[in-house]
$ cat structure-v7.txt   # compact mmCIF, C-alpha atoms
# COMPACT_ATOMS: atom_id res chain seq x y z
CA MET N 1 101.63 -31.34 -17.98
CA LEU N 2 101.71 -32.65 -21.53
CA MET N 3 98.62 -32.01 -23.63
CA GLY N 4 96.59 -35.13 -24.30
CA PRO N 5 93.36 -35.97 -26.13
CA SER N 6 90.25 -34.02 -25.13
CA VAL N 7 88.49 -36.82 -23.27
CA ARG N 8 87.40 -37.29 -19.68
CA LYS N 9 89.40 -39.78 -17.65
CA ARG N 10 88.15 -41.80 -14.71
CA SER N 11 91.15 -40.80 -12.59
CA GLN N 12 90.23 -37.12 -12.92
CA THR N 13 86.69 -37.72 -11.68
CA ASP N 14 87.97 -39.91 -8.82
CA TRP N 15 90.45 -37.19 -7.87
CA ARG N 16 87.62 -34.67 -7.49
CA LYS N 17 85.61 -37.01 -5.27
CA ALA N 18 88.66 -37.83 -3.15
CA GLU N 19 89.31 -34.14 -2.59
CA GLY N 20 85.69 -33.57 -1.57
CA GLN N 21 85.29 -30.97 -4.30
CA GLY N 22 81.90 -32.14 -5.57
CA ARG N 23 79.97 -29.33 -7.21
CA LYS N 24 76.66 -28.05 -5.95
CA LYS N 25 73.48 -28.39 -7.98
CA ARG N 26 73.99 -26.55 -11.25
CA LYS N 27 71.96 -23.55 -12.30
CA MET N 28 70.61 -23.16 -15.78
CA HIS N 29 73.50 -20.98 -16.94
CA LEU N 30 77.18 -21.27 -17.81
CA THR N 31 79.75 -19.37 -15.78
CA VAL N 32 82.61 -18.34 -18.07
CA PHE N 33 86.04 -17.23 -16.78
CA GLN N 34 87.89 -15.14 -19.39
CA ALA N 35 91.44 -13.84 -18.86
CA ASN N 36 94.55 -12.76 -20.72
CA VAL N 37 97.46 -14.09 -18.65
CA GLY N 38 100.23 -12.46 -20.70
CA LYS N 39 102.16 -15.72 -21.36
CA LYS N 40 103.04 -15.90 -17.65
CA GLY N 41 103.06 -19.34 -16.05
CA GLU N 42 102.14 -18.01 -12.59
CA SER N 43 99.16 -16.06 -13.94
CA HIS N 44 98.03 -19.09 -15.95
CA ASP N 45 98.17 -21.31 -12.84
CA THR N 46 96.31 -18.68 -10.82
CA ALA N 47 93.61 -18.45 -13.45
CA LEU N 48 92.91 -22.20 -13.45
CA SER N 49 92.97 -22.57 -9.66
CA THR N 50 90.71 -19.52 -9.19
CA ALA N 51 88.28 -20.76 -11.83
CA TRP N 52 88.16 -24.15 -10.11
CA LYS N 53 87.56 -22.57 -6.70
CA GLU N 54 84.76 -20.37 -8.12
CA GLU N 55 83.27 -23.35 -10.00
CA ALA N 56 83.53 -21.73 -13.42
CA ASP N 57 82.17 -24.02 -16.13
CA VAL N 58 84.36 -22.71 -18.95
CA VAL N 59 87.77 -21.00 -18.87
CA LEU N 60 88.89 -18.93 -21.86
CA ILE N 61 92.59 -18.04 -21.72
CA GLN N 62 94.32 -15.63 -24.10
CA GLU N 63 98.12 -15.52 -24.43
CA PRO N 64 98.59 -18.74 -22.42
CA TRP N 65 101.90 -20.03 -21.15
CA THR N 66 103.32 -22.79 -23.35
CA ASP N 67 106.68 -24.45 -23.68
CA ALA N 68 106.49 -23.68 -27.40
CA LEU N 69 107.73 -20.22 -26.48
CA LEU N 70 111.14 -21.74 -25.67
CA ARG N 71 111.07 -24.94 -27.70
CA PRO N 72 108.90 -24.66 -30.85
CA GLY N 73 106.77 -27.72 -31.54
CA ARG N 74 106.48 -28.81 -27.89
CA ARG N 75 102.83 -29.32 -26.85
CA LEU N 76 103.26 -28.35 -23.21
CA THR N 77 100.97 -25.93 -21.38
CA LYS N 78 99.17 -25.45 -18.07
CA THR N 79 96.34 -27.88 -17.28
CA HIS N 80 94.05 -28.69 -14.36
CA PRO N 81 92.76 -32.18 -13.39
CA GLY N 82 89.22 -30.79 -13.06
CA TYR N 83 89.10 -29.40 -16.59
CA VAL N 84 89.48 -30.87 -20.07
CA THR N 85 91.85 -28.78 -22.21
CA PHE N 86 91.19 -27.69 -25.80
CA SER N 87 93.93 -26.39 -28.08
CA PRO N 88 93.08 -24.43 -31.25
CA VAL N 89 95.49 -26.51 -33.38
CA GLU N 90 96.93 -30.01 -33.18
CA LYS N 91 100.44 -29.13 -34.37
CA TRP N 92 102.14 -26.38 -32.46
CA GLU N 93 104.42 -25.10 -35.18
CA ASN N 94 103.41 -21.65 -33.97
CA HIS N 95 102.68 -20.61 -30.40
CA PRO N 96 98.89 -20.91 -29.76
CA TYR N 97 97.47 -17.65 -28.47
CA VAL N 98 94.29 -19.10 -26.95
CA MET N 99 93.44 -22.12 -24.79
CA SER N 100 89.98 -23.24 -23.63
CA TYR N 101 89.02 -25.41 -20.65
CA VAL N 102 85.69 -27.06 -19.80
CA TRP N 103 84.66 -28.43 -16.39
CA ILE N 104 84.61 -32.23 -16.25
CA GLY N 105 81.13 -33.20 -15.07
CA ASP N 106 78.03 -35.13 -16.03
CA ASP N 107 76.02 -31.91 -16.38
CA LEU N 108 78.22 -30.55 -19.21
CA ARG N 109 78.65 -32.05 -22.68
CA CYS N 110 81.47 -30.50 -24.68
CA GLU N 111 82.78 -30.88 -28.20
CA GLN N 112 85.43 -28.96 -30.09
CA LEU N 113 84.37 -27.44 -33.41
CA ARG N 114 86.90 -26.54 -36.07
CA PRO N 115 85.51 -23.88 -38.41
CA PHE N 116 89.06 -22.45 -38.37
CA ILE N 117 92.47 -24.10 -38.29
CA PHE N 118 94.19 -21.14 -36.71
CA SER N 119 96.29 -20.71 -33.58
CA ASP N 120 94.37 -17.59 -32.43
CA ILE N 121 90.79 -18.96 -32.45
CA CYS N 122 89.36 -21.93 -30.50
CA VAL N 123 85.68 -22.90 -30.78
CA VAL N 124 84.02 -25.26 -28.28
CA GLN N 125 80.36 -26.22 -27.93
CA VAL N 126 79.18 -26.75 -24.34
CA ASN N 127 75.64 -28.11 -24.13
CA ASP N 128 73.63 -25.74 -26.36
CA VAL N 129 76.11 -22.83 -26.24
CA THR N 130 78.96 -22.27 -28.73
CA LEU N 131 81.95 -20.43 -27.23
CA CYS N 132 84.54 -18.85 -29.52
CA ASN N 133 87.78 -17.89 -27.76
CA ILE N 134 89.88 -15.43 -29.77
CA TYR N 135 93.01 -13.30 -29.55
CA ARG N 136 93.53 -10.58 -32.15
CA HIS N 137 97.27 -10.20 -32.45
CA GLN N 138 98.32 -6.70 -33.41
CA ALA N 139 101.03 -8.06 -35.71
CA LYS N 140 98.43 -10.02 -37.76
CA GLU N 141 95.31 -7.99 -37.01
CA ASN N 142 93.53 -8.66 -40.31
CA GLU N 143 93.66 -12.47 -40.18
CA VAL N 144 91.33 -12.89 -37.19
CA LEU N 145 88.86 -10.29 -38.45
CA ASP N 146 88.85 -11.79 -41.95
CA MET N 147 87.91 -15.18 -40.49
CA LEU N 148 85.22 -13.78 -38.20
CA GLU N 149 83.66 -11.76 -41.01
CA GLY N 150 83.46 -14.85 -43.21
CA TRP N 151 82.01 -17.09 -40.47
CA SER N 152 78.26 -17.54 -40.04
CA GLN N 153 78.20 -18.36 -36.36
CA PRO N 154 75.51 -20.82 -35.16
CA PRO N 155 72.65 -19.59 -32.97
CA ARG N 156 73.42 -19.18 -29.26
CA THR N 157 77.06 -18.20 -29.68
CA VAL N 158 79.41 -16.24 -27.40
CA ILE N 159 82.53 -14.74 -29.01
CA ALA N 160 84.93 -13.52 -26.33
CA GLY N 161 88.58 -12.68 -25.95
CA ASP N 162 91.21 -9.99 -26.30
CA PHE N 163 90.32 -7.95 -29.40
CA ASN N 164 93.07 -5.34 -28.95
CA ALA N 165 90.65 -2.78 -30.38
CA VAL N 166 88.93 0.29 -28.99
CA HIS N 167 85.61 1.79 -30.12
CA TRP N 168 83.22 4.32 -28.65
CA SER N 169 80.37 1.76 -28.52
CA TRP N 170 82.12 -0.22 -25.74
CA GLN N 171 84.46 2.52 -24.49
CA PRO N 172 82.35 5.69 -24.24
CA GLY N 173 84.30 8.88 -24.84
CA HIS N 174 86.77 7.31 -27.25
CA ARG N 175 87.33 9.44 -30.33
CA PRO N 176 85.85 7.74 -33.46
CA HIS N 177 88.42 6.77 -36.10
CA ASN N 178 88.82 4.16 -38.83
CA GLY N 179 90.89 1.71 -36.79
CA PRO N 180 90.35 -1.99 -36.03
CA GLY N 181 87.70 -1.08 -33.45
CA GLN N 182 85.42 0.29 -36.18
CA ARG N 183 85.84 -2.92 -38.14
CA VAL N 184 84.99 -5.02 -35.06
CA ALA N 185 81.90 -2.88 -34.41
CA ASP N 186 80.76 -3.25 -38.04
CA TRP N 187 81.26 -7.02 -37.88
CA ALA N 188 79.20 -7.29 -34.67
CA GLU N 189 76.39 -5.20 -36.14
CA LEU N 190 76.35 -7.23 -39.36
CA HIS N 191 76.13 -10.51 -37.42
CA GLU N 192 73.53 -9.09 -34.96
CA LEU N 193 75.73 -9.55 -31.93
CA GLY N 194 75.45 -7.40 -28.83
CA THR N 195 78.24 -6.32 -26.49
CA VAL N 196 77.85 -7.95 -23.08
CA PHE N 197 79.38 -5.03 -21.13
CA THR N 198 80.57 -1.51 -21.92
CA GLY N 199 82.42 1.35 -20.25
CA GLN N 200 84.57 -0.81 -17.95
CA PRO N 201 88.37 -0.78 -18.42
CA THR N 202 89.89 -4.25 -18.79
CA GLN N 203 93.56 -3.39 -19.21
CA ARG N 204 96.05 -1.57 -17.01
CA CYS N 205 96.33 1.36 -19.43
CA GLY N 206 92.61 2.06 -18.96
CA ASN N 207 91.26 0.78 -22.30
CA THR N 208 88.49 -1.77 -22.82
CA LEU N 209 90.25 -4.44 -24.90
CA ASP N 210 88.77 -7.69 -23.54
CA LEU N 211 85.28 -8.01 -25.01
CA ALA N 212 82.39 -10.45 -25.28
CA PHE N 213 79.74 -10.49 -28.03
CA THR N 214 76.66 -12.72 -28.11
CA ASP N 215 73.18 -13.22 -29.50
CA ILE N 216 71.93 -14.95 -26.33
CA LEU N 217 69.35 -12.98 -24.38
CA GLY N 218 70.05 -12.49 -20.69
CA THR N 219 73.84 -12.86 -20.92
CA LEU N 220 75.52 -10.69 -18.29
CA GLY N 221 79.13 -10.05 -17.37
CA GLY N 222 81.99 -7.68 -16.77
CA PRO N 223 85.36 -7.40 -15.02
CA GLU N 224 85.57 -9.36 -11.76
CA PRO N 225 88.24 -7.90 -9.41
CA ASN N 226 88.17 -10.92 -7.10
CA TRP N 227 89.26 -13.18 -9.97
CA HIS N 228 92.40 -11.22 -10.89
CA THR N 229 95.27 -13.42 -12.10
CA GLY N 230 98.17 -11.01 -11.64
CA SER N 231 98.49 -10.05 -15.31
CA ASP N 232 97.95 -6.58 -16.72
CA HIS N 233 94.40 -7.54 -17.84
CA GLU N 234 91.27 -7.79 -15.73
CA THR N 235 89.46 -11.12 -15.55
CA ILE N 236 86.01 -11.16 -17.15
CA ALA N 237 83.11 -13.11 -15.63
CA LEU N 238 80.25 -14.07 -17.97
CA HIS N 239 76.94 -15.70 -17.06
CA VAL N 240 75.31 -17.30 -20.11
CA PRO N 241 71.81 -18.87 -20.03
CA MET N 242 72.00 -22.43 -21.36
CA THR N 243 68.35 -22.63 -22.41
CA PRO N 244 65.85 -19.94 -23.43
CA PRO N 245 63.62 -18.74 -20.57
CA PRO N 246 60.38 -20.74 -20.35
CA ILE N 247 57.17 -19.19 -21.64
CA ILE N 248 54.76 -18.68 -18.76
CA ASP N 249 51.02 -18.43 -19.42
CA GLY N 250 49.25 -15.27 -18.40
CA GLY N 251 50.35 -11.84 -17.28
CA ARG N 252 52.22 -9.03 -18.96
CA LEU N 253 55.97 -8.65 -18.89
CA ARG N 254 57.21 -5.98 -16.52
CA VAL N 255 60.58 -4.83 -15.17
CA THR N 256 60.61 -4.76 -11.39
CA PHE N 257 62.67 -2.29 -9.38
CA ASP N 258 65.27 -4.99 -8.58
CA ASN N 259 65.66 -5.84 -12.30
CA ILE N 260 66.20 -2.26 -13.52
CA PRO N 261 70.07 -2.60 -13.48
CA THR N 262 69.83 -5.80 -15.54
CA PHE N 263 67.43 -4.15 -18.00
CA THR N 264 69.72 -1.12 -18.28
CA GLN N 265 72.77 -3.29 -18.98
CA LEU N 266 70.90 -5.20 -21.69
CA VAL N 267 69.79 -1.95 -23.33
CA HIS N 268 73.42 -0.73 -23.40
CA SER N 269 74.52 -4.06 -24.90
CA TYR N 270 71.96 -4.13 -27.73
CA ALA N 271 71.81 -0.39 -28.46
CA VAL N 272 74.70 -0.79 -30.91
CA LEU N 273 72.28 -2.70 -33.20
CA CYS N 274 70.13 0.43 -33.70
CA PRO N 275 70.89 2.92 -36.50
CA ASP N 276 72.43 6.15 -35.24
CA LYS N 277 70.64 8.44 -37.69
CA ALA N 278 67.62 8.58 -40.02
CA GLU N 279 67.37 11.02 -42.92
CA THR N 280 64.35 9.62 -44.77
CA VAL N 281 60.93 8.33 -43.76
CA GLU N 282 61.95 4.76 -44.59
CA GLU N 283 65.08 5.04 -42.45
CA ALA N 284 63.02 6.49 -39.59
CA GLU N 285 60.59 3.57 -39.79
CA GLU N 286 63.50 1.13 -39.86
CA MET N 287 65.03 2.83 -36.81
CA ALA N 288 61.71 2.69 -34.93
CA ASN N 289 61.29 -1.01 -35.73
CA LYS N 290 64.85 -1.75 -34.61
CA ILE N 291 64.41 0.15 -31.34
CA THR N 292 61.17 -1.73 -30.69
CA GLU N 293 62.90 -5.04 -31.40
CA VAL N 294 65.80 -4.21 -29.06
CA LEU N 295 63.49 -3.12 -26.23
CA ASP N 296 61.43 -6.29 -26.69
CA LYS N 297 64.58 -8.41 -26.40
CA CYS N 298 65.66 -6.55 -23.26
CA LEU N 299 62.17 -6.87 -21.75
CA HIS N 300 62.17 -10.64 -22.29
CA GLY N 301 65.70 -10.87 -20.85
CA ALA N 302 65.04 -8.89 -17.64
CA GLY N 303 61.25 -8.83 -17.27
CA THR N 304 58.88 -11.05 -15.32
CA ARG N 305 55.21 -11.77 -15.94
CA ARG N 306 52.73 -10.19 -13.62
CA GLY N 307 50.53 -12.58 -11.70
CA THR N 308 52.67 -15.71 -12.01
CA GLU N 309 53.56 -15.69 -8.31
CA GLY N 310 49.89 -15.90 -7.42
CA LEU N 311 49.46 -18.81 -9.80
CA ARG N 312 52.31 -20.67 -8.07
CA ARG N 313 50.87 -20.04 -4.61
CA HIS N 314 47.47 -21.37 -5.65
CA GLY N 315 48.71 -24.50 -7.35
CA GLY N 316 50.26 -23.26 -10.60
CA THR N 317 48.79 -22.95 -14.08
CA LYS N 318 45.86 -24.98 -15.43
CA HIS N 319 48.30 -27.22 -17.32
CA ALA N 320 50.23 -27.97 -14.10
CA GLN N 321 47.00 -28.66 -12.18
CA LYS N 322 45.82 -31.07 -14.89
CA HIS N 323 49.20 -32.83 -14.80
CA ARG N 324 48.99 -33.27 -11.02
CA ARG N 325 45.46 -34.68 -11.24
CA GLU N 326 46.60 -37.19 -13.87
CA CYS N 327 49.56 -38.27 -11.70
CA ALA N 328 47.25 -38.72 -8.68
CA ARG N 329 44.85 -40.84 -10.76
CA LEU N 330 47.67 -43.11 -12.00
CA LYS N 331 49.04 -43.45 -8.47
CA SER N 332 45.62 -44.48 -7.18
CA MET N 333 45.22 -47.08 -9.96
CA THR N 334 48.68 -48.50 -9.23
CA SER N 335 47.91 -48.82 -5.51
CA ARG N 336 44.67 -50.71 -6.23
CA CYS N 337 46.45 -53.11 -8.61
CA LEU N 338 49.19 -53.87 -6.07
CA CYS N 339 46.61 -54.45 -3.35
CA ARG N 340 44.67 -56.83 -5.61
CA GLN N 341 47.80 -58.86 -6.44
CA LYS N 342 48.65 -59.11 -2.74
CA HIS N 343 45.23 -60.56 -1.93
CA ILE N 344 45.47 -63.08 -4.79
CA ARG N 345 48.91 -64.34 -3.63
CA SER N 346 47.65 -64.70 -0.07
CA GLY N 347 44.69 -66.85 -1.22
CA LYS N 348 42.09 -64.40 0.03
CA GLY N 349 40.66 -63.83 -3.41
CA LEU N 350 39.11 -60.61 -4.48
$ encode --input "structure-v7.txt" --output "structure tokens"
Amino acid sequence: MLMGPSVRKRSQTDWRKAEGQGRKKRKMHLTVFQANVGKKGESHDTALSTAWKEEADVVLIQEPWTDALLRPGRRLTKTHPGYVTFSPVEKWENHPYVMSYVWIGDDLRCEQLRPFIFSDICVVQVNDVTLCNIYRHQAKENEVLDMLEGWSQPPRTVIAGDFNAVHWSWQPGHRPHNGPGQRVADWAELHELGTVFTGQPTQRCGNTLDLAFTDILGTLGGPEPNWHTGSDHETIALHVPMTPPPIIDGGRLRVTFDNIPTFTQLVHSYAVLCPDKAETVEEAEEMANKITEVLDKCLHGAGTRRGTEGLRRHGGTKHAQKHRRECARLKSMTSRCLCRQKHIRSGKGL
């Protein structure tokens, strides 16, 4: 299907209704489907159909299939009638190495941002989340990293894709060396980005190459075997909160037994932000402050406040009770006014 402008068409929405594929009530998070399809048309088709079936909000494809591989300049790639397609560049003089898709629906507002005019990086804002889809080509490894290092990403950003880089912080046991992985790790630390998942191979050779970095608390993810596209890369599933968790009055934050795995995963993700050594008193104080900050972030991401369940059972917080009393008072006043007007129209007077 030929690439067109990134707008929603009425026929696409009507097609979804006709097929009976209406989506259930949305949760307050984005489901992101990330996959390297290895330039294979079958894997690209599988990725889009699987994402549609699983109701993924955003699809980030690396090494997509395009007709530009055979006929340079042709803007032909795989699309899906339920998603709007975003290309990193308008002119396909070079083969684009990333393609992004966003679910067509009233609950998602999307806009393409262009901090880079580059075929390997595509940035899209969906509601209050900025998603940067990247592919670091080994033949031009410095270009992508140069752009990322010079970019001040907006708050609430997810940077995901195939980095083609290995580092011990996301692949434990890997021997440290001054390769591209060290540069990626330094960039993430400088921009205060945490790794969403670690220690899980994403490529057939056993390395962790497909990564996701973010500054959004509570973001979870990892390889999803049930979403495999048939390429030599695993598909990554990400769950990104669209709004910060609400502040609830009363009670201390605690991590319940059921939330321990979530808390542990967040600690692993943000631990890279902490210094690995301290030789002076000032460095030790800085390390202690950083560890405290990281644990506080993880506690807010996975913890719950003690006593809030009891408040809900007994009518909620004082603010909620006051709001309900005000609504009841206005409802009573409205009923009296309507009753009075009815008596006047019927000639019965007051």
$ closest_atom_pairs --input "structure-v7.txt" --of "stretch 75-144 of chain N" --to "stretch 223-244 of chain N" --cutoff "10 Å" --atoms "only C-alpha atoms" --output "JSON lines"
{"residue": "N:Val126", "atom": "CA", "partner": "N:Met242", "partner_atom": "CA", "distance": 8.9}
{"residue": "N:Asn127", "atom": "CA", "partner": "N:Met242", "partner_atom": "CA", "distance": 7.3}
{"residue": "N:Asp128", "atom": "CA", "partner": "N:Met242", "partner_atom": "CA", "distance": 6.2}
{"residue": "N:Val129", "atom": "CA", "partner": "N:Met242", "partner_atom": "CA", "distance": 6.4}
$ closest_residue --input "structure-v7.txt" --among "N:Leu145, N:Leu108, N:Leu193, N:Cys205" --to "N:Ala271" --atoms "all atoms listed in the file"
N:Leu193
$ closest_residue --input "structure-v7.txt" --among "N:Glu192, N:Asp210, N:Glu282, N:Asp67" --to "N:Pro155" --atoms "all atoms listed in the file"
N:Glu192
$ closest_residue --input "structure-v7.txt" --among "N:Val255, N:Leu273, N:Ile117, N:Leu220" --to "N:Glu143" --atoms "only C-alpha atoms"
N:Ile117
$ atom_distance --input "structure-v7.txt" --atom1 "atom CA of N:Pro176" --atom2 "atom CA of N:Asn36"
25.7 Å
$ atom_distance --input "structure-v7.txt" --atom1 "atom CA of N:Trp168" --atom2 "atom CA of N:Asn207"
10.8 Å
$ residues_around --input "structure-v7.txt" --residues "N:Ser100" --least-positions-apart "2" --cutoff "9 Å" --atoms "all atoms listed in the file" --output "list in words"
Val58, Val59, Leu60, Ile61, Gln62, Val84, Thr85, Phe86, Ser87, Pro88, Val98, Val102, Cys122, Val123, Val124 and Asn133 of chain N
$ closest_residue --input "structure-v7.txt" --among "N:Gln138, N:Thr304, N:Thr292, N:Thr195" --to "N:Val272" --atoms "all atoms listed in the file"
N:Thr195
$ atom_distance --input "structure-v7.txt" --atom1 "atom CA of N:Thr77" --atom2 "atom CA of N:Gln34"
17.1 Å
$ residues_around --input "structure-v7.txt" --residues "stretch 260-266 of chain N" --least-positions-apart "6" --cutoff "8 Å" --atoms "all atoms listed in the file" --output "ChimeraX atom specification"
/N:196-197,218,220,298-299,301-303
$ decode --input "structure-v7.txt" --residues "stretch 179-200 of chain N" --atoms "N, CA and C atoms" --output "JSON list (two decimals), in the first residue's frame"
[["chain", "number", "residue", "atom", "x", "y", "z"],
["N", 179, "GLY", "N", 33.32, -0.11, 23.61],
["N", 179, "GLY", "CA", 32.59, -0.23, 22.35],
["N", 179, "GLY", "C", 31.40, 0.70, 22.34],
["N", 180, "PRO", "N", 30.51, 0.56, 21.36],
["N", 180, "PRO", "CA", 29.32, 1.43, 21.29],
["N", 180, "PRO", "C", 28.40, 1.26, 22.49],
["N", 181, "GLY", "N", 28.41, 0.07, 23.12],
["N", 181, "GLY", "CA", 27.56, -0.12, 24.29],
["N", 181, "GLY", "C", 27.93, 0.82, 25.42],
["N", 182, "GLN", "N", 29.22, 1.06, 25.63],
["N", 182, "GLN", "CA", 29.65, 1.99, 26.68],
["N", 182, "GLN", "C", 29.18, 3.40, 26.37],
["N", 183, "ARG", "N", 29.21, 3.77, 25.10],
["N", 183, "ARG", "CA", 28.75, 5.11, 24.72],
["N", 183, "ARG", "C", 27.24, 5.25, 24.93],
["N", 184, "VAL", "N", 26.49, 4.19, 24.61],
["N", 184, "VAL", "CA", 25.04, 4.22, 24.85],
["N", 184, "VAL", "C", 24.74, 4.33, 26.33],
["N", 185, "ALA", "N", 25.47, 3.57, 27.17],
["N", 185, "ALA", "CA", 25.27, 3.61, 28.61],
["N", 185, "ALA", "C", 25.59, 5.00, 29.16],
["N", 186, "ASP", "N", 26.66, 5.62, 28.68],
["N", 186, "ASP", "CA", 27.02, 6.97, 29.14],
["N", 186, "ASP", "C", 25.97, 7.98, 28.72],
["N", 187, "TRP", "N", 25.45, 7.84, 27.51],
["N", 187, "TRP", "CA", 24.38, 8.75, 27.05],
["N", 187, "TRP", "C", 23.14, 8.62, 27.92],
["N", 188, "ALA", "N", 22.73, 7.39, 28.24],
["N", 188, "ALA", "CA", 21.54, 7.18, 29.07],
["N", 188, "ALA", "C", 21.73, 7.76, 30.46],
["N", 189, "GLU", "N", 22.92, 7.58, 31.03],
["N", 189, "GLU", "CA", 23.18, 8.12, 32.36],
["N", 189, "GLU", "C", 23.17, 9.64, 32.35],
["N", 190, "LEU", "N", 23.75, 10.24, 31.32],
["N", 190, "LEU", "CA", 23.80, 11.70, 31.22],
["N", 190, "LEU", "C", 22.41, 12.29, 31.09],
["N", 191, "HIS", "N", 21.51, 11.61, 30.37],
["N", 191, "HIS", "CA", 20.16, 12.11, 30.16],
["N", 191, "HIS", "C", 19.16, 11.57, 31.19],
["N", 192, "GLU", "N", 19.67, 10.87, 32.22],
["N", 192, "GLU", "CA", 18.85, 10.36, 33.32],
["N", 192, "GLU", "C", 17.73, 9.46, 32.81],
["N", 193, "LEU", "N", 18.13, 8.52, 31.97],
["N", 193, "LEU", "CA", 17.19, 7.54, 31.43],
["N", 193, "LEU", "C", 17.50, 6.17, 32.01],
["N", 194, "GLY", "N", 16.47, 5.44, 32.38],
["N", 194, "GLY", "CA", 16.64, 4.10, 32.91],
["N", 194, "GLY", "C", 16.31, 3.05, 31.87],
["N", 195, "THR", "N", 16.96, 1.89, 31.99],
["N", 195, "THR", "CA", 16.68, 0.77, 31.09],
["N", 195, "THR", "C", 15.42, 0.05, 31.56],
["N", 196, "VAL", "N", 14.50, -0.18, 30.66],
["N", 196, "VAL", "CA", 13.21, -0.78, 31.04],
["N", 196, "VAL", "C", 13.39, -2.24, 31.46],
["N", 197, "PHE", "N", 14.25, -3.00, 30.77],
["N", 197, "PHE", "CA", 14.46, -4.40, 31.12],
["N", 197, "PHE", "C", 15.93, -4.74, 30.91],
["N", 198, "THR", "N", 16.42, -5.74, 31.63],
["N", 198, "THR", "CA", 17.81, -6.16, 31.53],
["N", 198, "THR", "C", 17.88, -7.69, 31.60],
["N", 199, "GLY", "N", 18.99, -8.23, 31.12],
["N", 199, "GLY", "CA", 19.28, -9.64, 31.28],
["N", 199, "GLY", "C", 18.41, -10.59, 30.49],
["N", 200, "GLN", "N", 17.74, -10.10, 29.43],
["N", 200, "GLN", "CA", 16.87, -10.94, 28.62],
["N", 200, "GLN", "C", 17.32, -10.86, 27.17]]
